[in-house]
Structures are given as C-alpha cells and as structure tokens.
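Listing of final_35.txt, compact mmCIF, C-alpha atoms
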```
# COMPACT_ATOMS: atom_id res chain seq x y z
CA MET M 16 0.00 0.00 0.00
CA THR M 17 1.37 3.40 -1.02
CA ALA M 18 1.91 5.84 1.83
CA PRO M 19 -0.03 9.09 1.48
CA SER M 20 2.04 11.98 0.16
CA VAL M 21 2.94 14.73 2.59
CA PRO M 22 2.07 18.26 1.38
CA GLN M 23 5.21 20.28 0.76
CA THR M 24 6.03 23.80 -0.35
CA THR M 25 8.85 24.39 -2.81
CA TYR M 26 10.96 27.52 -2.57
CA VAL M 27 13.62 29.07 -4.79
CA LEU M 28 16.45 31.04 -3.20
CA THR M 29 18.71 33.17 -5.39
CA LEU M 30 21.65 35.19 -4.14
CA SER M 31 24.81 37.03 -5.01
CA CYS M 32 27.52 38.28 -2.70
CA PRO M 33 31.28 38.87 -2.47
CA ASN M 34 32.97 35.51 -2.70
CA ARG M 35 34.58 34.05 0.44
CA PRO M 36 34.96 30.61 2.01
CA GLY M 37 32.00 29.11 3.86
CA ILE M 38 29.05 30.50 1.90
CA VAL M 39 27.68 27.18 0.66
CA ALA M 40 28.24 25.47 4.02
CA ALA M 41 26.46 28.27 5.88
CA ILE M 42 23.46 28.27 3.56
CA SER M 43 23.02 24.50 3.41
CA GLY M 44 23.50 24.22 7.17
CA ARG M 45 20.91 26.89 7.90
CA LEU M 46 18.40 25.32 5.53
CA ALA M 47 18.93 21.95 7.21
CA GLU M 48 18.18 23.56 10.57
CA LEU M 49 14.94 24.88 9.06
CA ASN M 50 13.84 21.38 7.97
CA ALA M 51 14.52 22.08 4.30
CA ASN M 52 15.35 19.40 1.77
CA ILE M 53 17.53 20.79 -1.04
CA THR M 54 16.49 19.33 -4.40
CA GLU M 55 18.57 21.47 -6.74
CA ALA M 56 21.62 23.71 -6.33
CA GLN M 57 23.69 25.64 -8.86
CA GLN M 58 26.49 28.09 -8.22
CA PHE M 59 28.95 30.28 -10.11
CA ASP M 60 32.03 32.16 -9.00
CA ASP M 61 32.72 35.14 -11.26
CA ARG M 62 36.49 35.41 -10.99
CA ASP M 63 36.58 38.82 -12.70
CA SER M 64 34.28 40.55 -10.22
CA THR M 65 34.88 38.13 -7.30
CA VAL M 66 31.11 37.84 -6.92
CA PHE M 67 29.49 34.53 -6.00
CA PHE M 68 26.06 33.56 -7.42
CA MET M 69 23.78 30.73 -6.34
CA ARG M 70 20.32 29.31 -6.98
CA ILE M 71 18.86 26.74 -4.59
CA VAL M 72 15.54 24.91 -4.83
CA PHE M 73 14.32 23.30 -1.63
CA GLU M 74 11.21 21.74 -0.13
CA ILE M 75 9.71 22.07 3.33
CA THR M 76 6.86 19.97 4.67
CA ASP M 77 3.86 22.20 5.22
CA GLY M 78 3.55 23.38 8.81
CA GLN M 79 7.19 22.84 9.75
CA THR M 80 8.70 26.22 8.84
CA SER M 81 6.87 29.37 7.71
CA MET M 82 7.94 31.83 5.02
CA GLN M 83 8.48 34.41 7.75
CA GLN M 84 10.82 32.09 9.64
CA LEU M 85 12.73 31.42 6.44
CA ARG M 86 13.08 35.12 5.69
CA GLU M 87 14.26 35.93 9.21
CA ALA M 88 16.87 33.19 9.16
CA LEU M 89 18.09 34.11 5.68
CA ALA M 90 18.24 37.79 6.63
CA VAL M 91 20.86 36.94 9.25
CA LEU M 92 22.93 35.13 6.63
CA GLY M 93 22.40 38.02 4.26
CA GLU M 94 23.96 40.44 6.71
CA THR M 95 26.84 38.10 7.52
CA PHE M 96 27.83 37.61 3.87
CA SER M 97 26.56 40.96 2.43
CA MET M 98 24.13 39.08 0.21
CA ASP M 99 21.67 40.39 -2.31
CA TRP M 100 19.07 37.63 -2.04
CA ALA M 101 15.48 36.78 -2.90
CA LEU M 102 13.15 33.99 -1.79
CA HIS M 103 10.13 32.84 -3.79
CA ASP M 104 7.34 30.36 -3.23
CA ARG M 105 7.29 28.30 -6.41
CA SER M 106 3.53 27.76 -6.24
CA VAL M 107 2.87 31.50 -6.67
CA LYS M 108 2.60 32.34 -10.36
CA PRO M 109 4.34 35.61 -11.28
CA LYS M 110 2.02 38.31 -12.59
CA VAL M 111 3.07 39.66 -16.00
CA LEU M 112 2.05 42.58 -18.19
CA LEU M 113 2.28 41.85 -21.93
CA MET M 114 2.96 44.64 -24.44
CA VAL M 115 2.55 44.31 -28.20
CA SER M 116 2.28 46.36 -31.37
CA ARG M 117 0.99 45.13 -34.71
CA PHE M 118 3.12 41.96 -35.00
CA ASP M 119 1.49 39.46 -32.65
CA HIS M 120 3.43 36.21 -33.20
CA CYS M 121 5.30 36.42 -29.88
CA LEU M 122 2.14 37.38 -27.98
CA VAL M 123 0.18 34.46 -29.47
CA ASP M 124 2.98 32.05 -28.60
CA LEU M 125 3.19 33.21 -24.99
CA LEU M 126 -0.57 33.04 -24.55
CA TYR M 127 -0.61 29.50 -25.96
CA ARG M 128 2.18 28.34 -23.64
CA TRP M 129 0.37 29.94 -20.71
CA ARG M 130 -2.98 28.40 -21.67
CA ILE M 131 -1.62 24.83 -21.83
CA GLY M 132 0.26 25.26 -18.56
CA GLU M 133 3.75 25.31 -20.04
CA LEU M 134 4.46 28.82 -18.75
CA PRO M 135 3.33 29.20 -15.12
CA ILE M 136 2.49 32.90 -15.27
CA GLU M 137 -0.56 35.02 -14.49
CA PRO M 138 -1.15 37.54 -17.31
CA VAL M 139 -2.78 40.59 -15.74
CA GLY M 140 -3.02 42.78 -18.83
CA ILE M 141 -2.22 43.25 -22.50
CA VAL M 142 -1.12 46.72 -23.57
CA SER M 143 -0.93 47.87 -27.18
CA ASN M 144 -0.49 51.08 -29.09
CA HIS M 145 -2.92 49.61 -31.64
CA PRO M 146 -6.70 49.16 -31.08
CA ARG M 147 -8.34 45.84 -30.21
CA GLU M 148 -9.64 45.53 -33.80
CA VAL M 149 -6.10 44.80 -34.97
CA PHE M 150 -6.26 41.59 -32.91
CA ALA M 151 -9.88 40.76 -33.71
CA ASP M 152 -9.07 37.14 -34.54
CA LEU M 153 -7.28 36.53 -31.22
CA ASP M 154 -8.83 35.20 -28.03
CA PHE M 155 -7.34 36.98 -25.01
CA TYR M 156 -9.11 34.60 -22.60
CA GLY M 157 -10.50 37.40 -20.47
CA ILE M 158 -7.17 39.16 -19.97
CA PRO M 159 -7.86 42.92 -19.77
CA PHE M 160 -6.82 44.74 -22.95
CA HIS M 161 -5.57 48.32 -22.77
CA TYR M 162 -5.36 50.42 -25.91
CA LEU M 163 -2.82 53.14 -25.18
CA PRO M 164 -1.95 55.02 -28.38
CA VAL M 165 1.25 57.02 -28.33
CA THR M 166 2.74 59.96 -30.19
CA LYS M 167 5.86 61.98 -29.55
CA ASP M 168 3.82 64.52 -27.60
CA THR M 169 1.77 61.99 -25.58
CA LYS M 170 4.61 59.57 -24.81
CA PRO M 171 5.23 60.75 -21.19
CA ALA M 172 1.53 60.47 -20.32
CA GLN M 173 1.18 57.09 -22.07
CA GLU M 174 4.19 55.66 -20.25
CA ALA M 175 2.83 56.96 -16.95
CA GLN M 176 -0.36 54.98 -17.65
CA ILE M 177 1.70 51.85 -18.30
CA LEU M 178 3.62 52.26 -15.06
CA ASP M 179 0.34 52.80 -13.20
CA LEU M 180 -0.96 49.53 -14.69
CA PHE M 181 2.25 47.77 -13.69
CA ALA M 182 1.81 48.92 -10.10
CA SER M 183 -1.97 48.53 -9.77
CA THR M 184 -2.02 44.98 -11.20
CA GLY M 185 0.81 43.81 -8.98
CA ALA M 186 2.83 42.75 -12.02
CA GLU M 187 6.45 41.87 -11.46
CA LEU M 188 7.46 41.54 -15.11
CA VAL M 189 6.76 43.44 -18.34
CA ILE M 190 7.22 41.43 -21.54
CA LEU M 191 7.75 43.43 -24.70
CA ALA M 192 6.32 40.86 -27.11
CA ARG M 193 7.32 42.85 -30.20
CA TYR M 194 6.23 46.19 -28.79
CA MET M 195 7.66 48.49 -31.44
CA GLN M 196 8.07 51.64 -29.38
CA VAL M 197 11.33 52.80 -27.80
CA LEU M 198 10.91 53.19 -24.05
CA SER M 199 12.06 56.46 -22.53
CA ASN M 200 15.10 56.47 -20.26
CA GLU M 201 12.84 57.16 -17.31
CA MET M 202 10.56 54.21 -18.01
CA ALA M 203 13.48 51.88 -18.71
CA ALA M 204 15.01 52.87 -15.37
CA SER M 205 11.69 52.33 -13.56
CA LEU M 206 11.42 48.79 -14.98
CA SER M 207 15.09 47.87 -14.60
CA GLY M 208 15.37 44.12 -14.06
CA HIS M 209 11.62 43.71 -14.57
CA CYS M 210 11.27 44.13 -18.33
CA ILE M 211 12.27 41.70 -21.09
CA ASN M 212 12.54 42.63 -24.76
CA ILE M 213 12.97 40.52 -27.91
CA HIS M 214 14.54 41.66 -31.16
CA HIS M 215 16.22 40.29 -34.24
CA SER M 216 19.95 39.72 -34.08
CA PHE M 217 22.18 39.93 -37.12
CA LEU M 218 25.89 40.03 -37.80
CA PRO M 219 26.54 42.64 -39.08
CA GLY M 220 23.78 44.52 -37.26
CA PHE M 221 20.96 46.08 -39.26
CA LYS M 222 18.89 48.74 -37.55
CA GLY M 223 15.94 50.77 -38.74
CA ALA M 224 13.26 49.77 -41.22
CA ARG M 225 13.07 46.40 -42.99
CA PRO M 226 16.04 44.72 -41.24
CA TYR M 227 15.40 41.35 -42.89
CA HIS M 228 15.51 42.98 -46.33
CA GLN M 229 18.78 44.65 -45.33
CA ALA M 230 20.14 41.26 -44.27
CA PHE M 231 19.02 39.70 -47.55
CA ALA M 232 20.75 42.43 -49.54
CA ARG M 233 24.01 41.72 -47.71
CA GLY M 234 23.79 37.95 -48.18
CA VAL M 235 23.57 37.12 -44.49
CA LYS M 236 24.12 33.43 -43.70
CA LEU M 237 22.88 33.46 -40.10
CA ILE M 238 19.86 35.16 -38.58
CA GLY M 239 18.87 35.10 -34.95
CA ALA M 240 17.08 36.70 -32.04
CA THR M 241 18.10 38.09 -28.68
CA ALA M 242 16.06 38.41 -25.49
CA HIS M 243 17.43 40.82 -22.92
CA TYR M 244 16.55 42.98 -19.95
CA VAL M 245 15.65 46.53 -20.91
CA THR M 246 18.03 49.33 -20.00
CA ARG M 247 18.51 52.92 -21.09
CA ASP M 248 20.80 51.72 -23.88
CA LEU M 249 18.55 50.61 -26.73
CA ASP M 250 18.80 46.86 -27.35
CA GLU M 251 21.97 46.63 -25.25
CA GLY M 252 20.67 45.37 -21.89
CA PRO M 253 21.94 42.22 -20.17
CA ILE M 254 21.29 39.27 -22.50
CA ILE M 255 19.20 36.37 -21.23
CA GLU M 256 18.90 34.09 -24.27
CA GLN M 257 19.84 33.94 -27.96
CA ASP M 258 19.41 31.56 -30.88
CA VAL M 259 20.32 31.45 -34.56
CA GLU M 260 19.37 29.68 -37.76
CA ARG M 261 21.34 29.23 -40.98
CA ILE M 262 20.21 30.99 -44.14
CA SER M 263 21.03 29.95 -47.69
CA HIS M 264 21.39 31.90 -50.92
CA ALA M 265 18.00 30.50 -51.99
CA ASP M 266 16.11 32.15 -49.11
CA THR M 267 14.01 35.18 -50.00
CA PRO M 268 13.33 38.15 -47.70
CA ASP M 269 9.97 36.54 -46.88
CA ASP M 270 11.80 33.33 -45.90
CA LEU M 271 14.05 35.34 -43.58
CA ILE M 272 11.03 37.01 -41.98
CA ARG M 273 9.26 33.66 -41.49
CA LYS M 274 12.31 32.01 -39.96
CA GLY M 275 13.04 35.09 -37.88
CA ARG M 276 9.57 35.03 -36.32
CA ASP M 277 10.05 31.39 -35.34
CA ILE M 278 13.35 32.21 -33.63
CA GLU M 279 11.90 35.24 -31.86
CA ARG M 280 9.04 33.16 -30.44
CA ARG M 281 11.20 30.43 -28.95
CA VAL M 282 13.92 32.76 -27.67
CA LEU M 283 11.42 35.01 -25.88
CA ALA M 284 9.59 32.03 -24.38
CA ARG M 285 12.85 30.59 -23.02
CA ALA M 286 13.90 33.96 -21.60
CA VAL M 287 10.56 34.40 -19.84
CA ARG M 288 10.78 30.87 -18.45
CA TYR M 289 14.30 31.45 -17.13
CA HIS M 290 13.16 34.66 -15.44
CA ILE M 291 10.02 33.28 -13.80
CA GLU M 292 11.87 30.17 -12.62
CA ARG M 293 14.37 32.53 -10.95
CA ARG M 294 17.24 31.25 -13.07
CA THR M 295 18.57 34.67 -14.07
CA ILE M 296 20.66 37.01 -11.97
CA ILE M 297 21.89 40.30 -13.42
CA ASN M 298 25.66 40.67 -13.18
CA GLY M 299 26.46 44.22 -14.28
CA ASN M 300 26.04 44.33 -18.06
CA ARG M 301 25.72 40.55 -18.23
CA THR M 302 23.55 37.85 -16.70
CA VAL M 303 24.17 34.61 -14.89
CA VAL M 304 21.62 32.12 -16.23
CA PHE M 305 21.35 28.80 -14.37
CA THR M 306 19.82 26.79 -17.23
CA PRO M 307 18.15 23.44 -16.52
```

What would you get if you wrote out this structure as structure tokens?
Amino acid sequence: MTAPSVPQTTYVLTLSCPNRPGIVAAISGRLAELNANITEAQQFDDRDSTVFFMRIVFEITDGQTSMQQLREALAVLGETFSMDWALHDRSVKPKVLLMVSRFDHCLVDLLYRWRIGELPIEPVGIVSNHPREVFADLDFYGIPFHYLPVTKDTKPAQEAQILDLFASTGAELVILARYMQVLSNEMAASLSGHCINIHHSFLPGFKGARPYHQAFARGVKLIGATAHYVTRDLDEGPIIEQDVERISHADTPDDLIRKGRDIERRVLARAVRYHIERRTIINGNRTVVFTP
C-alpha cells in the first residue's frame, strides 16, 4: 500500500555576494536547521568581479517552517555575507504585463504556452499602441486589454499609464512581445530588471526599417534573435537568451522574416521561463543564467 504523500512547499532562493569561504556550508546548514530538503543547487564564482552567485531549490513539509521564519533566518545570513538575495514560493505564479504592437506572433505564442500550462504565469493585462480591432481574430481569454496610443507629444503620459498599470495589477514583469516603441530612459530605469525585450539579431547589425531585407541584400548566412533585460541603452541590456538559424542563398526576404519570427518566439519564451523560474541574476552588463 502506497503511503499518502505529505504536502510540501517548494521555494527558490537566489543570491549574489562577495565571494569568500564558507558561503555554501552556511546556507546548506541553515536550511537543514529549518527542515529544508535541497532538491537542486547551482552556483557560479565570477572570478573577474569576485562575486558569488547561487540558486537553490528546496522543499519544506507544510507546517514545519513558515515563510516568515525562512526570511528571518536568511536575513541573518544576508547580513553576515553581504548578500543580495530573494526567496520565492514556487507555487505562486508571477504576474506579468504583456505589451505588443501590430506583429502578434510572440504574444500568441506566450498566450498558448500559458494556456496549456507550459508557462506558469498570471497575465494581468495586455497593452498595445494599436486598437483591439487589430487583434480581432485573437482570443485573449478574459485578460484585460488596454489600448494606449502614443505619439511623440503623448509619450510621457502614455508611459505613466503603463507604469500605473504595472503597479496597480501587482505585475512583477513586463514582456515586450514585439512592442515596437522605444521606451524612454525614465521608463526603462523604472522597470530595470523587470522588463524583457525581444529583437532580431544579425551580424553585421541592421537597424531601422526592414532589417530582414537589409540582411538579404548583404547575403547574411545566419539570422537570430536576442532576449534581454531593458536598459537605457537601446537593445543593449543584459542578455538572457539567444538563438540562430542558418540561411542559404536560396532564401528570399519573406523566408528570412518567417524564420526570424520562429526564432523570436522560442527565444522570448525561453527567456521568460528562465526569469520566472528565478534562473537569471543580473551581473552588471551581463547575466548569470542557471539553465536546466
């Protein structure tokens, strides 16, 4: 006869701190004292910056140790080792705000992955600078849609509305699912570490209008996509995920666009997954990504 399962809560602890001996021993020892069972642990020592990074997944039988007790115990360790740390209950789905312009392939992909349970997120809003009629054939499954048009003159007010939505919905992440508006420096700073963007990635780089046609004209042999955290520097924030696909001389500009959309979808989905699973830690202009 199979013994009944004991309800457990799974937590994810992420941290960074100046590297020194004893960090891992102190953390694992403290978690053991708190009745935690570590199920996954990854660490990285950045020799250039002498900063230590770690991600730990652990389980605690319900009723043995509360979140408050965990936070209090970890706070002591945080002071001892000068840690920047965060603790998350894995059962709580992160709330996300999705932003999109006319091209909806990334939005549709994210909504599909959410709907089938592949992406454990809670979409709390969809924001677009285009009206709902543009997406008339899409089912948003009851997610509130916000049409926020923007011009050069109305940009500050429109961005203020977006930030109000971010705060009022309790969102912790903004996903620019092909939102084709450049965020202001002020908005980028407000969302630092909480906003992911996706864009095409070529070598050499082609900016401006019709990038795939520019790539075709130059005979590019590789196209790709990059997902990164948004910063004040356009398309230059800490990179989370990238992917590429080979192109041949027989591919037309339309072929490049089709293949590019496929890459953008999967790269953005992976980046969002890494973020919500607490696998990413920003390290200056780079990221530490503890991939599965």

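Taking CA of Arg280 in chain M and CA of Met114 in chain M as endpoints, the distance between them is 14.3 Å.
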
Practice item. Enumerate, as a list in words, the protein, DNA and RNA residues whose atoms approach (11.9, 37.0, -41.4) to within 10 Å, taking into account only C-alpha atoms and the coordinate frame of the file. Key: His215, Arg225, Pro226, Tyr227, His228, Ala230, Phe231, Ile238, Gly239, Thr267, Pro268, Asp269, Asp270, Leu271, Ile272, Arg273, Lys274, Gly275, Arg276, Asp277, Ile278 and Glu279 of chain M

Save the residues we just selected, C-alpha atoms, as a compact mmCIF listing (two decimals), in the coordinates of the input?
```
# COMPACT_ATOMS: atom_id res chain seq x y z
CA HIS M 215 16.22 40.29 -34.24
CA ARG M 225 13.07 46.40 -42.99
CA PRO M 226 16.04 44.72 -41.24
CA TYR M 227 15.40 41.35 -42.89
CA HIS M 228 15.51 42.98 -46.33
CA ALA M 230 20.14 41.26 -44.27
CA PHE M 231 19.02 39.70 -47.55
CA ILE M 238 19.86 35.16 -38.58
CA GLY M 239 18.87 35.10 -34.95
CA THR M 267 14.01 35.18 -50.00
CA PRO M 268 13.33 38.15 -47.70
CA ASP M 269 9.97 36.54 -46.88
CA ASP M 270 11.80 33.33 -45.90
CA LEU M 271 14.05 35.34 -43.58
CA ILE M 272 11.03 37.01 -41.98
CA ARG M 273 9.26 33.66 -41.49
CA LYS M 274 12.31 32.01 -39.96
CA GLY M 275 13.04 35.09 -37.88
CA ARG M 276 9.57 35.03 -36.32
CA ASP M 277 10.05 31.39 -35.34
CA ILE M 278 13.35 32.21 -33.63
CA GLU M 279 11.90 35.24 -31.86
```

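CA of Ala47 in chain M sits 20.8 Å away from CA of Ser20 in chain M.
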
Practice item. Have a look at M:Thr29, M:Asn50, M:Ser64, M:Thr80 and name the one nearest to Gly93 in chain M; count all atoms listed in the file. Key: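 Residue with the minimum atom-to-atom distance to Gly93 in chain M: M:Thr29.
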
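The interatomic distance for the pair CA of Ala242 in chain M and CA of Gly299 in chain M works out to 16.4 Å.
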
Point to revise | Distance query Val303 in chain M at most 12 Å, all atoms listed in the file, self and fewer than 6 positions along chain excluded, as a PyMOL selection string | key: chain M and resi 29-31+57-61+66-70+253-256+289-290+293-297

Check your understanding: Which one is closest to Thr76 in chain M: M:Ala56, M:Val39, M:Leu46, M:Val21? Count all atoms listed in the file.
Key ->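 With all atoms listed in the file as the atom set, the closest residue is M:Val21.
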
Review point. Hey, which of M:Arg193, M:Lys108, M:His103, M:Arg247 ends up closest to Thr24 in chain M? Count all atoms listed in the file.
Key: M:His103

Go ahead and fit an axis-aligned box to every listed atom of range 40-52 of chain M plus 4 Å each side, and pass me the centre and edge lengths in Å, one decimal, as JSON.
```
{"center_x": 21.0, "center_y": 23.8, "center_z": 6.2, "size_x": 22.4, "size_y": 16.9, "size_z": 16.8}
```

Practice item. Considering all atoms listed in the file, return as an MDAnalysis selection string whatever protein or nucleic-acid residues lie within 8 Å of Ile136 in chain M, sequence-local ones (same chain, fewer than 3 positions apart) excluded. Key: chainID M and resid 108:111 129 291

Exercise for review: Rank M:Asp258, M:Glu251, M:Glu148, M:Asp119 by their smallest atom-to-atom distance to Met195 in chain M, using all atoms listed in the file, and report the top residue only.
Suggested key: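 Using all atoms listed in the file, the shortest distance to Met195 in chain M belongs to M:Asp119.
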
Exercise for review: Find the residues around Ser97 in chain M up to 10 Å (only C-alpha atoms counted), leave out those fewer than 3 positions away in its own chain, and share them as a ChimeraX atom specification.
Suggested key: /M:31-34,90-94,100

What are the closest atom pairs, with distances in Å to one decimal, for all residues of range 62-148 of chain M lying within 10 Å of range 163-176 of chain M? Consider all atoms listed in the file, order rows by chain and residue number, and present the result as a tab-separated table.
```
residue	atom	partner	partner_atom	distance
M:Val142	CA	M:Leu163	CA	6.8
M:Ser143	CA	M:Leu163	CA	5.9
M:Asn144	CA	M:Pro164	CA	4.3
M:His145	CA	M:Pro164	CA	6.4
M:Pro146	CA	M:Pro164	CA	8.0
```

Review point. Out of M:Val287, M:Arg35, M:Glu260, M:Thr95, which residue has the shortest atom-to-atom distance to Arg62 in chain M when counting only C-alpha atoms?
Key: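 With only C-alpha atoms as the atom set, the closest residue is M:Arg35.
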
Practice item. Identify which of the residues M:Pro135, M:Phe96, M:His120, M:Asp266 lies closest to Gly37 in chain M, counting only C-alpha atoms when measuring atom-to-atom distances. Key: M:Phe96
